[in-house]
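Below: structure03.txt (compact mmCIF, C-alpha atoms)
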```txt
# COMPACT_ATOMS: atom_id res chain seq x y z
CA MET A 30 -14.15 2.36 25.21
CA GLU A 31 -13.85 -1.38 24.67
CA LYS A 32 -10.41 -2.79 25.39
CA ARG A 33 -8.78 -6.02 24.24
CA GLN A 34 -5.85 -8.00 25.58
CA TYR A 35 -2.99 -7.43 23.14
CA GLY A 36 -1.78 -10.93 22.38
CA LYS A 37 0.56 -12.32 25.02
CA THR A 38 1.69 -8.88 26.17
CA ASP A 39 0.54 -7.19 29.36
CA MET A 40 -1.23 -4.45 27.37
CA ASN A 41 -5.00 -4.02 27.46
CA VAL A 42 -5.52 -1.81 24.42
CA SER A 43 -8.45 0.33 23.33
CA ILE A 44 -10.02 -0.88 20.10
CA LEU A 45 -9.40 2.55 18.59
CA GLY A 46 -5.88 3.92 18.55
CA PHE A 47 -4.46 7.27 17.52
CA GLY A 48 -2.55 7.21 14.23
CA GLY A 49 0.11 9.89 14.21
CA ALA A 50 0.79 10.29 10.49
CA GLU A 51 -1.67 13.12 9.81
CA ILE A 52 -0.46 15.40 12.58
CA GLY A 53 3.04 15.19 11.16
CA PHE A 54 2.33 15.43 7.47
CA GLU A 55 -0.35 18.12 7.74
CA GLY A 56 2.00 20.37 9.69
CA ILE A 57 -0.36 21.24 12.53
CA GLY A 58 0.88 23.34 15.41
CA ALA A 59 1.58 22.23 18.96
CA GLU A 60 -1.58 23.84 20.33
CA GLN A 61 -3.84 21.98 17.91
CA ALA A 62 -1.87 18.76 18.45
CA GLU A 63 -2.31 19.08 22.20
CA ARG A 64 -6.09 19.46 21.83
CA LEU A 65 -6.21 16.55 19.42
CA LEU A 66 -4.08 14.13 21.42
CA GLY A 67 -5.56 15.20 24.73
CA SER A 68 -9.10 14.70 23.47
CA ALA A 69 -8.17 11.25 22.15
CA ILE A 70 -6.78 10.13 25.51
CA ASP A 71 -9.71 11.71 27.36
CA ALA A 72 -12.07 9.74 25.07
CA GLY A 73 -10.46 6.49 26.19
CA LEU A 74 -7.94 5.83 23.41
CA ASN A 75 -4.81 4.39 24.98
CA VAL A 76 -2.72 3.49 21.90
CA VAL A 77 -0.67 6.20 20.21
CA ASP A 78 1.07 5.01 17.05
CA THR A 79 3.68 6.99 15.14
CA ALA A 80 6.88 6.50 13.13
CA GLU A 81 10.30 7.94 12.47
CA CYS A 82 9.23 9.07 9.00
CA TYR A 83 5.95 10.86 9.87
CA ALA A 84 7.53 14.32 9.60
CA SER A 85 7.01 16.18 12.92
CA SER A 86 4.71 13.55 14.47
CA GLU A 87 7.09 12.21 17.11
CA GLU A 88 8.12 15.69 18.20
CA LEU A 89 4.51 16.83 18.52
CA ILE A 90 3.60 13.78 20.61
CA GLY A 91 6.59 14.41 22.88
CA ARG A 92 5.84 18.11 23.28
CA THR A 93 2.16 17.67 24.03
CA ILE A 94 1.48 14.45 25.96
CA ALA A 95 4.81 13.22 27.35
CA ARG A 96 3.59 14.38 30.78
CA ARG A 97 0.69 11.90 30.44
CA ARG A 98 2.98 8.98 29.57
CA GLY A 99 1.21 6.68 32.02
CA ASP A 100 -2.13 7.17 30.24
CA TYR A 101 -1.28 5.50 26.92
CA TYR A 102 0.78 2.85 25.16
CA LEU A 103 3.30 4.33 22.76
CA PHE A 104 4.18 2.59 19.49
CA THR A 105 6.72 3.85 16.96
CA LYS A 106 8.57 2.44 13.95
CA CYS A 107 12.08 2.38 12.53
CA GLY A 108 13.50 1.54 9.13
CA HIS A 109 13.63 4.63 6.92
CA ALA A 110 16.70 6.82 7.27
CA SER A 111 14.58 9.99 7.48
CA GLY A 112 17.48 12.40 7.84
CA PHE A 113 20.33 10.07 8.71
CA ASP A 114 23.19 9.84 6.23
CA LEU A 115 22.95 6.05 6.13
CA PRO A 116 20.93 3.62 4.01
CA ASP A 117 17.48 2.48 4.99
CA TRP A 118 17.65 -0.66 7.13
CA ASP A 119 21.33 -0.20 8.00
CA PRO A 120 21.69 -1.65 11.53
CA ALA A 121 23.63 1.34 12.85
CA MET A 122 20.99 3.65 11.42
CA LEU A 123 18.21 1.63 13.07
CA GLU A 124 19.87 1.95 16.47
CA ALA A 125 20.32 5.69 15.99
CA SER A 126 16.72 5.99 14.80
CA ILE A 127 15.35 4.32 17.93
CA ASP A 128 17.43 6.63 20.14
CA ARG A 129 16.25 9.66 18.18
CA SER A 130 12.63 8.55 18.51
CA LEU A 131 12.95 8.30 22.29
CA LYS A 132 14.44 11.79 22.40
CA ARG A 133 11.71 13.22 20.17
CA LEU A 134 8.99 11.47 22.16
CA ARG A 135 10.54 12.67 25.45
CA THR A 136 10.43 9.24 27.03
CA ASP A 137 12.87 6.59 28.23
CA TYR A 138 11.00 3.77 26.51
CA VAL A 139 8.24 2.94 24.06
CA ASP A 140 5.87 0.02 24.41
CA VAL A 141 6.47 -1.32 20.88
CA VAL A 142 9.03 -0.58 18.18
CA HIS A 143 7.91 -1.95 14.80
CA LEU A 144 10.23 -2.60 11.89
CA HIS A 145 8.66 -0.46 9.17
CA SER A 146 7.83 -2.39 5.96
CA CYS A 147 11.11 -4.29 5.86
CA SER A 148 11.46 -6.84 3.05
CA GLU A 149 11.32 -10.56 3.70
CA GLU A 150 14.89 -10.86 2.41
CA LEU A 151 16.21 -8.44 5.03
CA LEU A 152 14.15 -10.06 7.75
CA ARG A 153 15.66 -13.44 6.91
CA GLN A 154 19.20 -12.03 7.19
CA GLY A 155 18.44 -11.31 10.84
CA ASP A 156 20.50 -8.15 11.42
CA VAL A 157 17.50 -5.83 11.55
CA ILE A 158 15.68 -8.09 14.00
CA ASP A 159 18.77 -8.25 16.19
CA VAL A 160 18.75 -4.44 16.50
CA LEU A 161 15.24 -4.55 17.94
CA LYS A 162 16.11 -7.42 20.26
CA ARG A 163 19.02 -5.36 21.65
CA ALA A 164 16.75 -2.35 22.11
CA LYS A 165 14.34 -4.54 24.06
CA ALA A 166 17.16 -5.98 26.19
CA LYS A 167 18.30 -2.44 27.02
CA GLY A 168 14.80 -1.34 28.07
CA LYS A 169 14.31 1.08 25.20
CA THR A 170 11.18 -0.81 24.15
CA ARG A 171 9.06 -3.32 26.05
CA TYR A 172 8.03 -5.25 22.95
CA ILE A 173 9.07 -5.49 19.30
CA GLY A 174 6.99 -5.90 16.17
CA TYR A 175 6.71 -5.75 12.41
CA SER A 176 4.64 -3.28 10.39
CA GLY A 177 3.86 -4.42 6.88
CA ASP A 178 1.94 -6.77 4.65
CA HIS A 179 1.94 -9.78 2.33
CA LYS A 180 4.65 -12.45 2.47
CA ALA A 181 7.10 -10.37 4.50
CA ALA A 182 4.46 -10.02 7.21
CA LEU A 183 3.84 -13.76 7.13
CA TYR A 184 7.54 -14.46 7.64
CA ALA A 185 7.64 -11.91 10.47
CA VAL A 186 4.77 -13.69 12.20
CA GLN A 187 6.24 -17.14 11.68
CA CYS A 188 9.83 -16.38 12.63
CA GLY A 189 8.99 -16.20 16.33
CA ALA A 190 10.83 -12.94 17.05
CA PHE A 191 7.94 -10.52 17.32
CA ASP A 192 5.25 -9.62 19.84
CA SER A 193 3.22 -7.36 17.56
CA LEU A 194 2.02 -7.06 13.97
CA GLU A 195 0.70 -3.88 12.37
CA THR A 196 -0.90 -4.65 9.02
CA SER A 197 -3.47 -3.29 6.56
CA VAL A 198 -6.99 -4.66 7.10
CA ASN A 199 -10.20 -3.17 5.73
CA ILE A 200 -13.10 -3.77 3.36
CA ALA A 201 -10.78 -3.25 0.35
CA ASP A 202 -7.73 -5.00 1.77
CA GLN A 203 -8.51 -8.44 3.15
CA GLU A 204 -5.46 -10.55 2.29
CA ALA A 205 -4.25 -10.49 5.91
CA ILE A 206 -7.53 -11.98 7.18
CA ALA A 207 -6.52 -15.35 5.77
CA LEU A 208 -2.75 -14.99 5.26
CA THR A 209 -1.28 -13.59 8.46
CA ILE A 210 -3.82 -12.78 11.17
CA PRO A 211 -4.86 -16.39 11.94
CA GLU A 212 -1.19 -17.32 12.35
CA ALA A 213 -0.60 -14.27 14.56
CA ARG A 214 -3.61 -15.26 16.64
CA ARG A 215 -2.29 -18.81 17.12
CA ARG A 216 1.06 -17.45 18.25
CA GLY A 217 -0.36 -14.86 20.65
CA ILE A 218 0.86 -11.87 18.64
CA GLY A 219 -0.96 -8.59 19.11
CA VAL A 220 -2.46 -7.18 15.89
CA VAL A 221 -3.07 -3.54 15.00
CA ALA A 222 -5.10 -2.83 11.86
CA LYS A 223 -3.79 0.10 9.86
CA ARG A 224 -5.84 1.87 7.17
CA PRO A 225 -8.96 0.33 8.84
CA ILE A 226 -11.53 2.31 6.84
CA ALA A 227 -9.71 2.00 3.49
CA ASN A 228 -8.96 5.73 3.72
CA ALA A 229 -12.71 6.29 3.12
CA ALA A 230 -11.71 6.31 -0.56
CA TRP A 231 -15.38 6.45 -1.59
CA LYS A 232 -16.33 9.50 0.47
CA THR A 233 -16.51 12.06 -2.35
CA GLY A 234 -18.15 9.75 -4.86
CA GLY A 235 -15.24 10.28 -7.25
CA LYS A 236 -11.67 9.09 -7.56
CA PRO A 237 -9.57 10.62 -4.75
CA GLU A 238 -6.96 13.22 -5.63
CA SER A 239 -4.25 11.45 -3.65
CA ALA A 240 -2.61 8.58 -5.52
CA TYR A 241 -2.15 6.90 -2.13
CA HIS A 242 -5.90 6.16 -2.14
CA HIS A 243 -6.27 5.08 -5.77
CA ALA A 244 -5.73 1.35 -5.24
CA TYR A 245 -8.57 1.24 -2.73
CA TRP A 246 -10.84 3.32 -4.93
CA ASP A 247 -10.27 0.96 -7.86
CA ARG A 248 -10.87 -2.10 -5.72
CA LEU A 249 -14.07 -0.70 -4.26
CA GLN A 250 -15.43 0.00 -7.74
CA ALA A 251 -14.95 -3.67 -8.57
CA LEU A 252 -16.25 -4.94 -5.23
CA GLY A 253 -19.45 -2.92 -5.47
CA TYR A 254 -20.54 -3.00 -1.82
CA ASP A 255 -24.13 -1.80 -1.55
CA PHE A 256 -23.60 -0.15 1.85
CA LEU A 257 -21.15 2.36 0.34
CA ARG A 258 -24.01 3.94 -1.62
CA GLY A 259 -25.83 5.08 1.51
CA ASP A 260 -25.13 7.62 4.24
CA LEU A 261 -21.40 8.37 4.45
CA SER A 262 -21.21 8.24 8.24
CA GLU A 263 -23.03 4.92 8.34
CA SER A 264 -20.82 3.45 5.62
CA ILE A 265 -17.67 4.52 7.47
CA GLY A 266 -19.11 2.96 10.62
CA THR A 267 -19.79 -0.30 8.80
CA ALA A 268 -16.26 -0.34 7.39
CA LEU A 269 -14.68 0.31 10.78
CA ARG A 270 -16.87 -2.26 12.53
CA PHE A 271 -15.93 -4.80 9.85
CA THR A 272 -12.23 -4.36 10.56
CA LEU A 273 -12.74 -4.64 14.30
CA SER A 274 -14.84 -7.77 13.78
CA VAL A 275 -11.93 -9.65 12.21
CA PRO A 276 -10.91 -12.40 14.66
CA GLY A 277 -7.43 -11.65 15.96
CA VAL A 278 -7.50 -7.87 15.44
CA HIS A 279 -7.06 -6.04 18.72
CA ALA A 280 -7.04 -2.37 17.72
CA ALA A 281 -7.53 -0.15 14.68
CA ILE A 282 -5.36 2.92 14.14
CA VAL A 283 -7.33 5.93 12.96
CA GLY A 284 -5.56 9.12 11.96
CA THR A 285 -7.07 12.58 11.96
CA ALA A 286 -6.22 16.21 12.53
CA LYS A 287 -9.76 17.02 13.78
CA PRO A 288 -10.20 16.96 17.59
CA ASP A 289 -13.93 16.15 17.44
CA ARG A 290 -13.34 13.03 15.32
CA TRP A 291 -12.86 10.75 18.34
CA ALA A 292 -16.36 11.30 19.65
CA GLU A 293 -17.71 10.69 16.14
CA ASN A 294 -15.77 7.44 15.80
CA ALA A 295 -16.91 6.28 19.23
CA ARG A 296 -20.53 6.83 18.15
CA LEU A 297 -19.92 4.80 15.01
CA LEU A 298 -18.85 1.89 17.19
CA GLU A 299 -21.79 2.06 19.60
CA PRO A 300 -23.69 -0.72 17.75
CA GLY A 301 -20.77 -3.08 18.44
CA LEU A 302 -19.30 -5.64 16.09
CA LEU A 303 -20.98 -6.33 12.77
CA PRO A 304 -23.61 -9.08 12.92
CA ALA A 305 -22.15 -12.32 11.59
CA GLU A 306 -24.26 -12.25 8.44
CA GLU A 307 -23.07 -8.73 7.50
CA TYR A 308 -19.45 -9.62 8.18
CA GLU A 309 -19.68 -12.81 6.14
CA ALA A 310 -21.44 -11.00 3.28
CA ILE A 311 -18.51 -8.58 2.97
CA ARG A 312 -16.05 -11.46 3.14
CA ALA A 313 -18.00 -13.39 0.50
CA GLN A 314 -18.00 -10.41 -1.86
CA TRP A 315 -14.24 -10.10 -1.46
CA LYS A 316 -13.67 -13.80 -2.11
CA ALA A 317 -15.85 -13.67 -5.21
CA LYS A 318 -14.40 -10.52 -6.77
CA ALA A 319 -10.89 -9.87 -5.43
CA GLN A 320 -8.07 -10.23 -7.92
CA ALA A 321 -5.02 -12.38 -7.25
CA ASP A 322 -2.75 -9.32 -7.16
CA TRP A 323 -4.81 -7.52 -4.51
CA THR A 324 -2.14 -7.88 -1.86
CA GLY A 325 -1.88 -5.87 1.33
CA GLN A 326 -1.21 -2.18 0.77
CA GLY A 327 1.47 -0.48 2.83
```
Please lay out the structure from this file as structure tokens.
Amino acid sequence: MEKRQYGKTDMNVSILGFGGAEIGFEGIGAEQAERLLGSAIDAGLNVVDTAECYASSEELIGRTIARRRGDYYLFTKCGHASGFDLPDWDPAMLEASIDRSLKRLRTDYVDVVHLHSCSEELLRQGDVIDVLKRAKAKGKTRYIGYSGDHKAALYAVQCGAFDSLETSVNIADQEAIALTIPEARRRGIGVVAKRPIANAAWKTGGKPESAYHHAYWDRLQALGYDFLRGDLSESIGTALRFTLSVPGVHAAIVGTAKPDRWAENARLLEPGLLPAEEYEAIRAQWKAKAQADWTGQG
């Protein structure tokens, strides 16, 4: 699998990463999680991304692939209390959350801890960033980052504190392509694209049941991309290749609970990046039809 140098870090990351939300929220068992995670690593994925608030995700990762810790880069997030009797973003809670994540993941360190969708106001106060800096100084994480979108993400990139940015980028969510990713690229910040296929919100041909996907469905109706009317697999491949063609994006996090999905996704990427004219056509359609309030979706 193609790998890319992750900003100024020492990480050489696979362009596809494993997104750990589904395995937590869908309540899969350890045996299925072991097959899923093991098949992802065997397929060449070397980025495993999770969070403190993804239900049982961290525990499942720790139970199933901690013994293979040298085979992958491990990213997690902190910010939501998720069981602690303290407010979100409380500095003491953040420190406890990082320690809990390490225990759940059965490791002494992670490669990146991202602040999870913290507001620009809180970022500017500095306390939350200081927690991550202390965790890095103590060896609990090798690098620190921000996970989020819009103006808070721009401040995170510009403030000079972070090594990594995780942000929404896809055919229905292109604000970051002009707002934050060029600045991250100039500063040598690694960039992970989350929601890289816009949750395949078009896959059934009707509005998705989950409200989490509705914003993308509505946007795609307005954007009217011709390629979404064809073969579903090909359209997903085009969407994923678009995201990975964005200059400055190093990896795309794809979540699934289906062990055979990695081979399918690898096949979708066999043609390589989108030809420049296809990429620019998608960008042009966005620029012509996107509304001013179509900001990055968390």
- Residues at most 8 Å from Ala251 in chain A, counting only C-alpha atoms, excluding those fewer than 3 positions away in the same chain, as JSON, numbers by chain? {"A": [247, 248, 318]}
If you take all atoms listed in the file and a cut-off of 9 Å, which residues of range 153-240 of chain A touch range 38-48 of chain A, and what are their nearest atom pairs and distances in Å to one decimal, in chain and number order, as a tab-separated table?
```
residue	atom	partner	partner_atom	distance
A:Tyr172	CA	A:Thr38	CA	8.0
A:Asp192	CA	A:Thr38	CA	7.3
A:Ser193	CA	A:Thr38	CA	8.9
A:Gly217	CA	A:Thr38	CA	8.4
A:Ile218	CA	A:Thr38	CA	8.1
A:Gly219	CA	A:Thr38	CA	7.5
A:Val221	CA	A:Gly46	CA	8.7
A:Lys223	CA	A:Gly48	CA	8.4
```
Find the spatial neighbours of Ala292 in chain A, counting only C-alpha atoms, within a cut-off of 9 Å - ignore same-chain residues fewer than 3 positions away - and output them as a CSV table (one decimal) with C-alpha atoms, keeping the file's coordinate frame.
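Once written, result14.csv looks like this:
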```csv
chain,number,residue,atom,x,y,z
A,68,SER,CA,-9.1,14.7,23.5
A,69,ALA,CA,-8.2,11.2,22.2
A,72,ALA,CA,-12.1,9.7,25.1
A,288,PRO,CA,-10.2,17.0,17.6
A,289,ASP,CA,-13.9,16.2,17.4
A,295,ALA,CA,-16.9,6.3,19.2
A,296,ARG,CA,-20.5,6.8,18.2
A,297,LEU,CA,-19.9,4.8,15.0
```
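Note that CA of Ala286 in chain A and CA of Ser197 in chain A are 20.6 Å apart.
For the choices A:Gly168, A:Gly99, A:Gly301, A:Gly108, the atom-to-atom distance to Ala121 in chain A is smallest for A:Gly108 when using all atoms listed in the file.
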- Task: Excluding range 229-235 of chain A and residues on its chain fewer than 2 positions from it, collect all residues at most 9 Å away from it, counting all atoms listed in the file, and give them as number ranges by chain.
- Result: A: 226-227, 237-238, 242-243, 245-246, 249-250, 257-258, 261, 264-265, 268
- Please provide as a PyMOL selection string all residues within 9 Å of Thr272 in chain A, with the sequence filter that same-chain residues fewer than 5 positions apart are discarded (counting all atoms listed in the file). chain A and resi 198-200+222+225-226+267+278+281
Could you turn the residues from that selection into a file that holds C-alpha atoms, as a PDB file, in the coordinates of the input?
```pdb
ATOM      1  CA  VAL A 198      -6.990  -4.660   7.100  1.00  0.00           C
ATOM      2  CA  ASN A 199     -10.200  -3.170   5.730  1.00  0.00           C
ATOM      3  CA  ILE A 200     -13.100  -3.770   3.360  1.00  0.00           C
ATOM      4  CA  ALA A 222      -5.100  -2.830  11.860  1.00  0.00           C
ATOM      5  CA  PRO A 225      -8.960   0.330   8.840  1.00  0.00           C
ATOM      6  CA  ILE A 226     -11.530   2.310   6.840  1.00  0.00           C
ATOM      7  CA  THR A 267     -19.790  -0.300   8.800  1.00  0.00           C
ATOM      8  CA  VAL A 278      -7.500  -7.870  15.440  1.00  0.00           C
ATOM      9  CA  ALA A 281      -7.530  -0.150  14.680  1.00  0.00           C
TER      10      ALA A 281
END
```
- Could you name the residues that touch Arg98 in chain A at 10 Å or less, counting all atoms listed in the file, but leaving out those on the same chain fewer than 6 positions away, as a PyMOL selection string? chain A and resi 91+134-136+139
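Going from CA of Asp260 in chain A to CA of Leu302 in chain A covers 18.7 Å.
Taking CA of Glu204 in chain A as the reference point, CA of His179 in chain A is found at 7.4 Å.
Nearest-residue note for Asn294 in chain A: choosing from A:Ala240, A:Ala310, A:Lys106, A:Leu269, the minimum distance belongs to A:Leu269, counting only C-alpha atoms.
Counting all atoms listed in the file and comparing A:Leu103, A:Val141, A:Leu89, A:Val160, the residue that lies closest to Asp119 in chain A is A:Val160.
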- Step by step: start from the point (9.4, -3.7, 23.5) in the file's coordinates, keep every protein, DNA or RNA residue that has an atom no farther than 10 Å from it, count only C-alpha atoms, and write the set as a PyMOL selection string. chain A and resi 38+104+138-143+161-174+191-193
- Residue with smallest distance to Arg270 in chain A - pool A:Ile282, A:Leu208, A:Leu298, A:Cys188, counting only C-alpha atoms: A:Leu298
